[in-house]
file structure20.cif (mmCIF, C-alpha atoms)
data_protein
#
loop_
_atom_site.label_atom_id
_atom_site.label_comp_id
_atom_site.auth_asym_id
_atom_site.auth_seq_id
_atom_site.Cartn_x
_atom_site.Cartn_y
_atom_site.Cartn_z
CA MET C 1 13.03 -7.42 23.86
CA PRO C 2 14.06 -9.04 27.15
CA ASN C 3 17.50 -8.25 28.33
CA VAL C 4 19.91 -11.21 28.21
CA LEU C 5 21.63 -10.13 31.37
CA ASP C 6 18.36 -9.95 33.32
CA ILE C 7 17.36 -13.41 32.22
CA ARG C 8 20.72 -14.79 33.20
CA ARG C 9 20.29 -13.30 36.65
CA ARG C 10 16.85 -14.85 36.92
CA ILE C 11 18.22 -18.25 35.96
CA ARG C 12 20.90 -18.01 38.62
CA SER C 13 18.33 -17.19 41.28
CA VAL C 14 16.08 -20.07 40.25
CA ARG C 15 19.05 -22.39 40.31
CA ASN C 16 19.85 -21.34 43.85
CA THR C 17 16.29 -22.05 44.91
CA GLN C 18 16.48 -25.38 43.20
CA GLN C 19 19.57 -26.31 45.15
CA ILE C 20 17.83 -25.47 48.40
CA THR C 21 14.70 -27.45 47.61
CA LYS C 22 16.82 -30.36 46.49
CA ALA C 23 18.76 -30.33 49.74
CA MET C 24 15.55 -30.07 51.74
CA LYS C 25 14.16 -33.02 49.90
CA MET C 26 17.21 -35.06 50.74
CA VAL C 27 17.07 -34.06 54.39
CA SER C 28 13.39 -34.95 54.54
CA ALA C 29 14.07 -38.31 53.00
CA ALA C 30 16.61 -39.10 55.70
CA LYS C 31 14.32 -37.85 58.45
CA LEU C 32 11.43 -39.78 57.01
CA ARG C 33 13.40 -42.98 57.21
CA ARG C 34 14.23 -42.30 60.82
CA ALA C 35 10.62 -41.47 61.63
CA GLN C 36 9.45 -44.67 60.02
CA GLU C 37 11.92 -46.66 62.05
CA ALA C 38 10.66 -44.97 65.19
CA ILE C 39 7.12 -46.05 64.37
CA LEU C 40 8.27 -49.61 63.91
CA ARG C 41 10.22 -49.53 67.16
CA ALA C 42 7.22 -48.26 69.07
CA ARG C 43 5.00 -51.01 67.78
CA PRO C 44 5.94 -53.90 70.11
CA TYR C 45 5.34 -51.81 73.22
CA ALA C 46 1.98 -50.55 72.01
CA GLY C 47 0.94 -54.04 71.01
CA ARG C 48 1.92 -55.52 74.35
CA ILE C 49 0.13 -52.85 76.36
CA LEU C 50 -3.05 -53.44 74.45
CA GLU C 51 -2.72 -57.15 74.93
CA VAL C 52 -2.18 -56.83 78.66
CA VAL C 53 -5.20 -54.53 78.95
CA ARG C 54 -7.24 -57.01 76.96
CA SER C 55 -6.25 -60.02 78.95
CA LEU C 56 -6.78 -58.16 82.23
CA MET C 57 -10.25 -57.11 81.19
CA ALA C 58 -11.11 -60.56 79.90
CA ARG C 59 -10.15 -62.20 83.12
CA SER C 60 -11.10 -59.81 85.81
CA GLU C 61 -14.56 -58.84 86.85
CA ILE C 62 -13.76 -55.22 86.28
CA ARG C 63 -15.31 -53.90 83.15
CA ARG C 64 -15.78 -50.47 84.50
CA HIS C 65 -13.07 -47.93 84.72
CA PRO C 66 -13.28 -44.15 85.08
CA LEU C 67 -11.47 -43.70 81.77
CA LEU C 68 -13.97 -45.91 79.98
CA GLU C 69 -17.00 -44.13 81.34
CA LYS C 70 -19.16 -42.49 78.71
CA ARG C 71 -20.83 -39.21 79.55
CA GLU C 72 -22.93 -36.79 77.65
CA GLU C 73 -20.47 -34.77 75.60
CA LYS C 74 -20.88 -31.22 76.76
CA ASN C 75 -17.31 -30.13 77.03
CA ILE C 76 -15.01 -31.38 74.38
CA GLN C 77 -11.36 -30.96 73.82
CA LEU C 78 -9.77 -31.43 70.44
CA VAL C 79 -6.10 -32.20 70.19
CA VAL C 80 -4.81 -30.91 66.87
CA VAL C 81 -1.46 -32.26 65.79
CA THR C 82 0.20 -30.11 63.15
CA ALA C 83 3.81 -29.63 62.18
CA ASP C 84 6.16 -27.07 63.68
CA LYS C 85 7.34 -25.97 60.27
CA GLY C 86 5.80 -25.20 56.94
CA LEU C 87 7.08 -25.95 53.44
CA CYS C 88 5.37 -29.28 53.36
CA GLY C 89 2.60 -28.80 50.86
CA ALA C 90 -0.95 -28.96 52.08
CA PHE C 91 -0.01 -30.90 55.20
CA ASN C 92 -0.88 -28.22 57.73
CA ALA C 93 -3.67 -26.68 55.69
CA ASN C 94 -5.45 -30.01 55.49
CA ILE C 95 -5.34 -30.66 59.18
CA VAL C 96 -6.49 -27.13 59.98
CA LYS C 97 -9.35 -27.52 57.55
CA ALA C 98 -10.36 -30.78 59.15
CA ALA C 99 -10.19 -29.15 62.58
CA GLU C 100 -12.42 -26.32 61.40
CA GLY C 101 -14.89 -28.86 60.11
CA PHE C 102 -14.87 -30.68 63.42
CA ILE C 103 -15.40 -27.47 65.35
CA ARG C 104 -18.36 -26.55 63.15
CA GLU C 105 -19.85 -29.98 63.65
CA LYS C 106 -19.70 -29.65 67.43
CA GLU C 107 -20.97 -26.11 67.44
CA ASP C 108 -23.57 -26.79 70.12
CA GLN C 109 -21.07 -28.09 72.61
CA SER C 110 -18.38 -26.14 74.32
CA LEU C 111 -15.08 -26.96 72.74
CA ASP C 112 -11.51 -25.94 73.22
CA LEU C 113 -8.25 -26.88 71.63
CA PHE C 114 -5.00 -28.47 72.54
CA CYS C 115 -2.53 -27.40 69.88
CA VAL C 116 0.42 -29.63 69.29
CA GLY C 117 2.81 -28.11 66.77
CA ARG C 118 3.48 -24.49 66.01
CA LYS C 119 1.52 -24.23 62.78
CA GLY C 120 -1.80 -25.10 64.35
CA LEU C 121 -1.15 -22.67 67.16
CA ASP C 122 -0.34 -19.91 64.68
CA TYR C 123 -3.60 -20.48 62.88
CA PHE C 124 -5.95 -20.93 65.81
CA GLY C 125 -4.25 -18.26 67.84
CA LYS C 126 -5.97 -15.76 65.53
CA ARG C 127 -9.35 -17.47 65.71
CA THR C 128 -12.12 -17.49 68.26
CA THR C 129 -11.90 -21.08 69.43
CA PRO C 130 -10.17 -21.02 72.82
CA ILE C 131 -6.83 -22.73 73.09
CA ARG C 132 -6.48 -24.47 76.37
CA HIS C 133 -3.08 -26.05 76.05
CA ARG C 134 -0.22 -25.87 73.67
CA GLN C 135 2.88 -27.82 72.99
CA VAL C 136 5.31 -26.64 70.34
CA ASN C 137 8.79 -27.48 69.11
CA LEU C 138 8.63 -31.12 69.92
CA PHE C 139 8.98 -32.56 66.46
CA GLN C 140 12.70 -31.95 66.41
CA ARG C 141 13.00 -34.91 68.67
CA ILE C 142 9.94 -36.80 69.78
CA GLU C 143 10.27 -38.40 73.14
CA TYR C 144 7.91 -40.56 75.04
CA GLY C 145 7.97 -37.91 77.74
CA HIS C 146 6.09 -35.55 75.44
CA ALA C 147 3.27 -38.02 75.07
CA ARG C 148 3.23 -38.53 78.81
CA GLU C 149 3.02 -34.82 79.47
CA ILE C 150 0.17 -34.31 76.99
CA THR C 151 -1.73 -37.33 78.23
CA GLY C 152 -1.33 -36.29 81.85
CA LYS C 153 -3.18 -33.06 81.16
CA LEU C 154 -5.89 -34.79 79.15
CA VAL C 155 -6.51 -37.51 81.69
CA SER C 156 -6.68 -35.23 84.70
CA GLN C 157 -9.18 -32.98 82.94
CA PHE C 158 -11.29 -35.94 82.00
CA LEU C 159 -11.25 -37.45 85.45
CA SER C 160 -12.15 -34.19 87.14
CA GLY C 161 -15.22 -34.01 84.92
CA GLU C 162 -14.05 -30.80 83.30
CA ARG C 163 -14.06 -32.45 79.90
CA ASP C 164 -16.45 -35.14 78.78
CA ALA C 165 -14.57 -36.26 75.73
CA VAL C 166 -11.20 -35.78 74.10
CA TYR C 167 -10.62 -36.20 70.40
CA LEU C 168 -7.35 -36.45 68.60
CA LEU C 169 -6.83 -35.13 65.09
CA TYR C 170 -3.66 -35.93 63.21
CA ASN C 171 -2.14 -36.93 59.91
CA GLU C 172 -1.54 -40.59 59.56
CA PHE C 173 1.36 -41.76 57.48
CA LYS C 174 0.04 -43.92 54.68
CA SER C 175 2.83 -43.68 52.17
CA VAL C 176 5.43 -41.14 51.20
CA ILE C 177 3.04 -39.30 48.96
CA GLN C 178 -0.11 -39.93 50.91
CA GLN C 179 -1.35 -38.78 54.28
CA ARG C 180 -4.64 -39.58 55.81
CA ILE C 181 -6.35 -37.32 58.29
CA VAL C 182 -7.62 -39.24 61.26
CA VAL C 183 -9.99 -38.24 64.04
CA GLU C 184 -9.88 -40.55 67.00
CA ARG C 185 -11.65 -40.47 70.29
CA LEU C 186 -9.02 -40.69 72.97
CA LEU C 187 -11.24 -40.36 76.04
CA PRO C 188 -13.37 -42.02 77.11
CA ILE C 189 -11.38 -44.94 75.81
CA PRO C 190 -13.40 -46.68 73.09
CA PRO C 191 -14.55 -50.13 74.19
CA ILE C 192 -11.73 -52.57 73.87
CA THR C 193 -12.79 -55.63 71.97
CA LEU C 194 -11.88 -58.88 73.57
CA SER C 195 -10.64 -61.48 71.20
CA PRO C 196 -12.57 -64.66 71.96
CA GLU C 197 -9.90 -67.07 70.81
CA GLN C 198 -7.51 -65.72 73.44
CA ASN C 199 -7.08 -68.42 76.01
CA PRO C 200 -6.94 -66.80 79.40
CA VAL C 201 -3.75 -67.62 81.23
CA ASP C 202 -4.18 -67.93 84.94
CA TYR C 203 -1.80 -65.37 86.25
CA ILE C 204 -0.57 -64.84 89.71
CA TYR C 205 -1.14 -61.17 90.32
CA GLU C 206 1.31 -59.50 92.59
CA GLN C 207 -1.05 -56.58 92.87
CA PRO C 208 -4.81 -56.79 92.53
CA ALA C 209 -5.79 -56.83 88.87
CA SER C 210 -7.87 -53.71 89.28
CA GLU C 211 -4.86 -51.85 90.60
CA ILE C 212 -2.75 -52.91 87.65
CA LEU C 213 -5.53 -51.88 85.30
CA ASN C 214 -5.72 -48.50 86.98
CA THR C 215 -2.14 -47.65 86.18
CA LEU C 216 -2.26 -49.36 82.84
CA MET C 217 -5.19 -47.44 81.36
CA PRO C 218 -3.49 -44.04 81.28
CA ARG C 219 -0.47 -45.76 79.69
CA HIS C 220 -2.69 -47.10 77.01
CA VAL C 221 -3.77 -43.56 76.18
CA GLU C 222 -0.18 -42.37 76.31
CA VAL C 223 0.84 -44.95 73.78
CA GLN C 224 -1.86 -43.76 71.42
CA VAL C 225 -0.76 -40.17 71.74
CA PHE C 226 2.82 -41.21 71.21
CA ARG C 227 1.91 -43.14 68.09
CA ALA C 228 -0.04 -40.17 66.76
CA LEU C 229 3.01 -37.95 67.25
CA LEU C 230 5.25 -40.39 65.43
CA GLU C 231 2.76 -40.88 62.62
CA SER C 232 2.32 -37.17 62.20
CA SER C 233 6.05 -36.62 62.12
CA ALA C 234 6.57 -39.30 59.48
CA ALA C 235 3.67 -37.91 57.46
CA GLU C 236 5.14 -34.43 57.72
CA HIS C 237 8.50 -35.52 56.37
CA GLY C 238 6.79 -37.47 53.61
CA ALA C 239 4.71 -34.45 52.67
CA ARG C 240 7.75 -32.21 52.72
CA MET C 241 9.69 -34.60 50.58
CA THR C 242 7.01 -34.67 47.89
CA ALA C 243 6.53 -30.92 48.06
CA MET C 244 10.24 -30.29 47.70
CA ASP C 245 10.51 -32.81 44.89
CA ALA C 246 7.75 -30.99 43.03
CA ALA C 247 9.48 -27.67 43.71
CA THR C 248 12.76 -28.99 42.35
CA ASN C 249 11.05 -30.25 39.21
CA ASN C 250 9.32 -26.93 38.74
CA ALA C 251 12.65 -25.17 39.05
CA VAL C 252 14.15 -27.43 36.38
CA GLU C 253 11.28 -26.61 34.07
CA MET C 254 11.59 -22.94 34.76
CA ILE C 255 15.31 -22.95 34.08
CA GLU C 256 14.71 -24.71 30.78
CA SER C 257 12.15 -22.20 29.58
CA LEU C 258 14.25 -19.28 30.77
CA THR C 259 17.29 -20.65 29.01
CA LEU C 260 15.26 -20.93 25.84
CA THR C 261 14.09 -17.32 26.11
CA MET C 262 17.62 -16.20 26.85
CA ASN C 263 19.07 -17.99 23.84
CA ARG C 264 16.37 -16.55 21.66
CA ALA C 265 17.13 -13.07 22.88
CA ARG C 266 20.83 -13.62 22.35
CA GLN C 267 20.21 -14.94 18.84
CA ALA C 268 17.98 -11.99 18.06
CA GLY C 269 20.70 -9.65 19.26
CA ILE C 270 23.31 -11.32 17.06
CA THR C 271 21.02 -11.30 14.04
CA LYS C 272 20.30 -7.68 14.56
CA GLU C 273 24.00 -6.85 14.75
CA ILE C 274 24.74 -8.81 11.57
CA ILE C 275 21.93 -7.03 9.76
CA GLU C 276 23.36 -3.74 10.93
CA VAL C 277 26.86 -4.64 9.72
CA VAL C 278 25.58 -6.00 6.41
CA SER C 279 23.31 -3.10 5.72
CA GLY C 280 26.10 -0.71 6.74
CA ALA C 281 28.43 -2.39 4.25
CA ALA C 282 25.70 -2.32 1.60
CA ALA C 283 25.23 1.37 2.09
CA LEU C 284 28.94 1.99 1.43
CA THR C 285 29.02 0.18 -1.89
CA MET H 1 11.43 -81.57 81.81
CA ALA H 2 11.62 -77.85 82.14
CA GLU H 3 13.70 -75.85 79.74
CA SER H 4 16.90 -74.38 81.05
CA THR H 5 16.35 -70.99 79.47
CA PHE H 6 13.50 -68.65 78.71
CA LYS H 7 13.10 -65.71 76.43
CA LEU H 8 13.43 -62.31 77.96
CA THR H 9 11.98 -59.39 76.06
CA VAL H 10 12.29 -55.85 77.30
CA VAL H 11 10.46 -53.21 75.31
CA SER H 12 10.22 -49.51 75.89
CA PRO H 13 8.02 -47.18 73.83
CA GLU H 14 11.05 -46.02 71.93
CA ARG H 15 12.58 -49.36 71.05
CA LEU H 16 13.12 -53.01 71.71
CA VAL H 17 15.82 -53.09 74.36
CA VAL H 18 16.50 -56.75 75.01
CA SER H 19 15.41 -59.90 73.27
CA GLU H 20 17.49 -62.82 74.42
CA GLU H 21 17.44 -66.35 75.74
CA VAL H 22 18.47 -66.13 79.37
CA GLU H 23 18.88 -68.50 82.27
CA ALA H 24 17.66 -66.25 85.03
CA ALA H 25 16.37 -62.75 85.54
CA GLN H 26 15.78 -60.48 88.47
CA VAL H 27 13.19 -57.75 88.17
CA PRO H 28 12.34 -54.84 90.45
CA GLY H 29 8.75 -55.67 91.37
CA LYS H 30 6.64 -53.10 93.10
CA ASN H 31 6.58 -55.25 96.22
CA GLY H 32 10.27 -55.99 96.07
CA TYR H 33 12.79 -57.62 93.79
CA LEU H 34 11.93 -61.02 92.49
CA GLY H 35 13.98 -63.61 90.71
CA ILE H 36 12.61 -65.54 87.80
CA LEU H 37 13.91 -68.91 86.70
CA PRO H 38 12.71 -71.06 83.83
CA GLY H 39 9.40 -72.76 84.52
CA HIS H 40 8.02 -69.97 86.65
CA ALA H 41 4.26 -69.89 87.02
CA PRO H 42 2.46 -67.28 84.89
CA MET H 43 2.54 -64.01 86.73
CA MET H 44 1.89 -60.37 86.25
CA THR H 45 3.34 -57.60 88.32
CA GLU H 46 3.93 -53.93 88.24
CA LEU H 47 7.54 -52.84 88.34
CA ASP H 48 9.08 -50.03 90.24
CA ILE H 49 12.13 -47.94 89.53
CA GLY H 50 15.03 -50.30 89.82
CA GLU H 51 17.60 -52.54 88.33
CA LEU H 52 16.84 -55.47 86.11
CA SER H 53 19.52 -58.08 85.74
CA TYR H 54 19.66 -61.21 83.68
CA ARG H 55 22.15 -64.02 83.48
CA GLN H 56 23.17 -65.98 80.47
CA GLY H 57 26.06 -68.36 81.00
CA ASP H 58 28.70 -66.35 82.84
CA ARG H 59 27.53 -63.07 81.38
CA THR H 60 25.23 -60.81 83.32
CA GLY H 61 23.40 -57.87 81.84
CA TYR H 62 22.04 -54.93 83.77
CA LEU H 63 19.31 -52.48 82.88
CA ALA H 64 18.07 -49.39 84.63
CA LEU H 65 14.29 -49.44 84.57
CA THR H 66 11.82 -46.70 85.26
CA TRP H 67 8.46 -48.16 85.99
CA GLY H 68 6.83 -50.87 83.96
CA TYR H 69 5.12 -54.22 83.89
CA CYS H 70 6.43 -57.69 83.93
CA GLU H 71 4.49 -60.51 82.45
CA VAL H 72 5.76 -64.02 83.05
CA LEU H 73 4.48 -66.70 80.71
CA SER H 74 5.43 -70.34 80.53
CA ASP H 75 8.39 -69.87 78.21
CA GLN H 76 8.96 -66.17 78.11
CA VAL H 77 9.13 -63.04 80.19
CA ILE H 78 7.97 -59.76 78.79
CA VAL H 79 8.91 -56.51 80.43
CA LEU H 80 7.16 -53.34 79.37
CA ALA H 81 9.25 -50.52 80.68
CA GLU H 82 8.53 -46.88 80.40
CA ARG H 83 12.25 -46.31 80.17
CA ALA H 84 14.98 -48.87 80.01
CA GLU H 85 18.67 -48.25 79.59
CA ARG H 86 21.45 -50.76 79.27
CA ALA H 87 24.23 -50.29 81.77
CA GLU H 88 26.68 -49.16 79.10
CA GLU H 89 24.23 -46.60 77.73
CA VAL H 90 23.72 -44.70 80.95
CA ASP H 91 25.14 -41.22 80.84
CA LEU H 92 26.90 -41.32 84.19
CA GLU H 93 27.62 -37.62 84.32
CA ARG H 94 24.03 -36.69 83.68
CA ALA H 95 22.77 -39.21 86.19
CA GLN H 96 25.11 -37.87 88.83
CA ALA H 97 24.15 -34.30 88.08
CA SER H 98 20.47 -35.08 88.39
CA MET H 99 21.17 -36.96 91.61
CA GLU H 100 22.80 -33.88 93.07
CA ARG H 101 19.96 -31.71 91.89
CA ALA H 102 17.36 -33.98 93.42
CA ARG H 103 19.27 -34.17 96.72
CA LYS H 104 19.44 -30.43 96.94
CA ARG H 105 15.78 -30.07 96.18
CA LEU H 106 14.85 -32.68 98.74
CA SER H 107 16.70 -30.96 101.53
CA ASN H 108 14.66 -27.81 100.95
CA LEU H 109 11.30 -29.51 100.90
CA ARG H 110 9.10 -30.90 103.59
CA ASP H 111 7.63 -34.31 102.98
CA THR H 112 4.15 -32.87 102.76
CA ASP H 113 4.92 -30.98 99.58
CA THR H 114 3.72 -32.38 96.32
CA ASP H 115 7.12 -31.68 94.89
CA PHE H 116 8.66 -33.87 97.50
CA LEU H 117 7.41 -37.00 95.87
CA ARG H 118 8.60 -35.89 92.50
CA ALA H 119 12.04 -35.03 93.78
CA ARG H 120 12.27 -38.33 95.60
CA THR H 121 11.33 -40.23 92.47
CA SER H 122 13.94 -38.47 90.41
CA LEU H 123 16.54 -39.12 93.09
CA GLN H 124 15.63 -42.77 93.05
CA ARG H 125 15.88 -42.88 89.31
CA ALA H 126 19.26 -41.20 89.31
CA LEU H 127 20.57 -43.51 92.02
CA ILE H 128 19.59 -46.57 90.06
CA ARG H 129 21.14 -45.26 86.90
CA VAL H 130 24.41 -44.55 88.66
CA GLN H 131 24.34 -47.95 90.32
CA VAL H 132 23.64 -49.73 87.07
CA SER H 133 26.23 -47.84 85.09
CA GLN H 134 28.93 -48.83 87.56
CA LYS H 135 28.22 -52.43 86.77
CA ALA H 136 28.81 -51.89 83.10
CA ASP H 137 32.57 -52.50 83.44
CA GLY H 138 32.15 -56.04 84.65
CA ASP H 139 30.00 -56.83 81.67
CA GLY H 140 31.91 -58.37 78.76
#

call {"tool": "encode", "arguments": {"input": "structure20.cif", "output": "structure tokens"}}
result
Amino acid sequence: MPNVLDIRRRIRSVRNTQQITKAMKMVSAAKLRRAQEAILRARPYAGRILEVVRSLMARSEIRRHPLLEKREEKNIQLVVVTADKGLCGAFNANIVKAAEGFIREKEDQSLDLFCVGRKGLDYFGKRTTPIRHRQVNLFQRIEYGHAREITGKLVSQFLSGERDAVYLLYNEFKSVIQQRIVVERLLPIPPITLSPEQNPVDYIYEQPASEILNTLMPRHVEVQVFRALLESSAAEHGARMTAMDAATNNAVEMIESLTLTMNRARQAGITKEIIEVVSGAAALT
Amino acid sequence: MAESTFKLTVVSPERLVVSEEVEAAQVPGKNGYLGILPGHAPMMTELDIGELSYRQGDRTGYLALTWGYCEVLSDQVIVLAERAERAEEVDLERAQASMERARKRLSNLRDTDTDFLRARTSLQRALIRVQVSQKADGDG
């Protein structure tokens, strides 16, 4: 028969865990809201940059740009965006799995990794795929500077011809309970579609249009990296929130079943004692 | 008849900084500061590190900008800034500290070093931030 005291101890420990998961869920909810706001705030800038690039390309003769140039993909770099922390369900596992799949697919080419986020680094650090760059502990506070730093490395490698293509793998925030894994080609920049209905404004250019385009293109990539970081962060908090919610519910269930077992044990103990008393009394008469 | 105001929008990657109807604006173009009044011809320019100011009635707002683009359209001006801070948001102490740091670094470097450019840029940035933040008091 289970010991009542042991069960009580067990219940207390589960309750403690439940309190922690509940708190974590609340924290994630708050952080998720902030991350979502950050995505919304970043949107106007990203939209404008794209529009400026579009209108520049539509108007100017220049269709060619080093960052648009397609080459045979011999050397590839994959940027894997994971979280810095765990306890968020299958969030990191999914992205790592997707990365493994991508690596297998590109087996014939030489490929190395750019790990963003500690969890991906932890995983791939023990594997054979070489890790070229790493960036960890940035999800505490995502700044545009991070995106700039990452992009700077990617762009210079691409321009020097060291890498022929750069892909970006991250979790996109779809809804609180849903993340979508996305693989995007960052470099060369996928052809930018020109919207035909856009009426070209005749600008006065202070600098030659090609010069503006030259500085604008890397910014365009930066914005995409920045957005991926924000998306991933929001997705991470969403995933953690759902995971912690599930954990809290499981704890509630566990406490219920443990309480039931404990009460049964207690009842059994009492019954046994009564039987002992009664049969003792019966023996005397 | 031209309008007497135009819409000024300043966006940075992190947020929307300014979205207001203004009467005039001055932006730090790469080839020098330029003033924009309503009815300006469509124009596109790269911006340098500098101070952006805009006037609205008797109120003038100042922003410290770090690199960006300015797009002038018939009825609005859009500034894409890599970083933009309102005068009252500038952390004066930090700006001054980084100014000192950059000065010190500059004095140890020759102008052929690659770091020289970086140090000079950060000095410039710090100077502008200090300059802008000192104008915050005059602003209502």

call {"tool": "closest_residue", "arguments": {"input": "structure20.cif", "among": "C:Gln207, C:Gly89, C:Arg8, C:Arg64", "to": "C:Thr242", "atoms": "only C-alpha atoms"}}
result
C:Gly89

call {"tool": "resolve_selection", "arguments": {"input": "structure20.cif", "expression": "the PyMOL selection byres ((chain C and resi 139) around 8)", "output": "list of chain:residue names"}}
result
C:Ala83, C:Asp84, C:Gly117, C:Val136, C:Asn137, C:Leu138, C:Gln140, C:Arg141, C:Ile142, C:Ser233

call {"tool": "write_last_selection", "arguments": {"input": "structure20.cif", "atoms": "C-alpha atoms", "output": "CSV table (one decimal), keeping the file's coordinate frame"}}
result
chain,number,residue,atom,x,y,z
C,83,ALA,CA,3.8,-29.6,62.2
C,84,ASP,CA,6.2,-27.1,63.7
C,117,GLY,CA,2.8,-28.1,66.8
C,136,VAL,CA,5.3,-26.6,70.3
C,137,ASN,CA,8.8,-27.5,69.1
C,138,LEU,CA,8.6,-31.1,69.9
C,140,GLN,CA,12.7,-32.0,66.4
C,141,ARG,CA,13.0,-34.9,68.7
C,142,ILE,CA,9.9,-36.8,69.8
C,233,SER,CA,6.0,-36.6,62.1

call {"tool": "residues_near_point", "arguments": {"input": "structure20.cif", "point": "(13.8, -59.0, 68.0)", "cutoff": "8 Å", "atoms": "all atoms listed in the file", "output": "MDAnalysis selection string"}}
result
chainID H and resid 16 18:19

call {"tool": "interface_residues", "arguments": {"input": "structure20.cif", "of": "chain C", "to": "chain H", "cutoff": "12 Å", "atoms": "all atoms listed in the file", "output": "PyMOL selection string"}}
result
chain C and resi 35+37-53+55-56+141-148+200-216+219-220+222-227+230

call {"tool": "atom_distance", "arguments": {"input": "structure20.cif", "atom1": "atom CA of C:Thr271", "atom2": "atom CA of C:Pro2"}}
result
15.0 Å

call {"tool": "resolve_selection", "arguments": {"input": "structure20.cif", "expression": "the PyMOL selection byres ((chain C and resi 174) around 12)", "output": "ChimeraX atom specification"}}
result
/C:36,171-173,175-182,231-232,234-236,238-239

call {"tool": "atom_distance", "arguments": {"input": "structure20.cif", "atom1": "atom CA of C:Gly161", "atom2": "atom CA of C:Glu184"}}
result
19.8 Å

call {"tool": "atom_distance", "arguments": {"input": "structure20.cif", "atom1": "atom CA of H:Glu89", "atom2": "atom CA of C:Lys31"}}
result
23.4 Å

call {"tool": "residues_around", "arguments": {"input": "structure20.cif", "residues": "H:Asp91", "least_positions_apart": "3", "cutoff": "8 Å", "atoms": "all atoms listed in the file", "output": "MDAnalysis selection string"}}
result
chainID H and resid 94:95 133

call {"tool": "residues_around", "arguments": {"input": "structure20.cif", "residues": "H:Gly61", "least_positions_apart": "5", "cutoff": "8 Å", "atoms": "only C-alpha atoms", "output": "PyMOL selection string"}}
result
chain H and resi 53-55+86-87+139

call {"tool": "closest_residue", "arguments": {"input": "structure20.cif", "among": "H:Val90, H:Ala102, H:Val130, H:Leu63", "to": "H:Leu117", "atoms": "only C-alpha atoms"}}
result
H:Ala102

call {"tool": "resolve_selection", "arguments": {"input": "structure20.cif", "expression": "the PyMOL selection byres ((chain C and resi 164) around 12)", "output": "CSV table (one decimal) with C-alpha atoms, in the coordinates of the input"}}
result
chain,number,residue,atom,x,y,z
C,66,PRO,CA,-13.3,-44.2,85.1
C,67,LEU,CA,-11.5,-43.7,81.8
C,68,LEU,CA,-14.0,-45.9,80.0
C,69,GLU,CA,-17.0,-44.1,81.3
C,70,LYS,CA,-19.2,-42.5,78.7
C,71,ARG,CA,-20.8,-39.2,79.6
C,72,GLU,CA,-22.9,-36.8,77.6
C,73,GLU,CA,-20.5,-34.8,75.6
C,74,LYS,CA,-20.9,-31.2,76.8
C,75,ASN,CA,-17.3,-30.1,77.0
C,76,ILE,CA,-15.0,-31.4,74.4
C,77,GLN,CA,-11.4,-31.0,73.8
C,78,LEU,CA,-9.8,-31.4,70.4
C,109,GLN,CA,-21.1,-28.1,72.6
C,110,SER,CA,-18.4,-26.1,74.3
C,111,LEU,CA,-15.1,-27.0,72.7
C,112,ASP,CA,-11.5,-25.9,73.2
C,154,LEU,CA,-5.9,-34.8,79.2
C,155,VAL,CA,-6.5,-37.5,81.7
C,156,SER,CA,-6.7,-35.2,84.7
C,157,GLN,CA,-9.2,-33.0,82.9
C,158,PHE,CA,-11.3,-35.9,82.0
C,159,LEU,CA,-11.2,-37.4,85.4
C,160,SER,CA,-12.2,-34.2,87.1
C,161,GLY,CA,-15.2,-34.0,84.9
C,162,GLU,CA,-14.0,-30.8,83.3
C,163,ARG,CA,-14.1,-32.4,79.9
C,165,ALA,CA,-14.6,-36.3,75.7
C,166,VAL,CA,-11.2,-35.8,74.1
C,167,TYR,CA,-10.6,-36.2,70.4
C,185,ARG,CA,-11.6,-40.5,70.3
C,186,LEU,CA,-9.0,-40.7,73.0
C,187,LEU,CA,-11.2,-40.4,76.0
C,188,PRO,CA,-13.4,-42.0,77.1
C,189,ILE,CA,-11.4,-44.9,75.8

call {"tool": "axis_aligned_box", "arguments": {"input": "structure20.cif", "around": "stretch 132-150 of chain C", "padding_each_side": "3 Å", "output": "lines of an AutoDock Vina configuration file"}}
result
center_x = 3.3
center_y = -32.5
center_z = 72.9
size_x = 25.5
size_y = 22.1
size_z = 19.1

call {"tool": "closest_residue", "arguments": {"input": "structure20.cif", "among": "C:Arg266, C:His237, C:Arg9, C:Arg54", "to": "C:Lys85", "atoms": "only C-alpha atoms"}}
result
C:His237

call {"tool": "closest_residue", "arguments": {"input": "structure20.cif", "among": "H:Glu20, H:Glu85, H:Glu93, H:Asp75", "to": "H:Glu51", "atoms": "only C-alpha atoms"}}
result
H:Glu85

call {"tool": "closest_residue", "arguments": {"input": "structure20.cif", "among": "C:Asp6, C:Asp245, C:Asp122, C:Glu107", "to": "C:Leu87", "atoms": "only C-alpha atoms"}}
result
C:Asp245

call {"tool": "residues_around", "arguments": {"input": "structure20.cif", "residues": "H:Arg120", "least_positions_apart": "2", "cutoff": "12 Å", "atoms": "all atoms listed in the file", "output": "list in words"}}
result
Ile49, Ser98, Met99, Glu100, Arg101, Ala102, Arg103, Lys104, Arg105, Leu106, Ser107, Leu109, Arg110, Asp111, Asp113, Thr114, Asp115, Phe116, Leu117, Arg118, Ser122, Leu123, Gln124, Arg125, Ala126 and Leu127 of chain H

call {"tool": "residues_around", "arguments": {"input": "structure20.cif", "residues": "stretch 251-253 of chain C", "least_positions_apart": "3", "cutoff": "6 Å", "atoms": "all atoms listed in the file", "output": "list in words"}}
result
Gln18, Thr248 and Glu256 of chain C
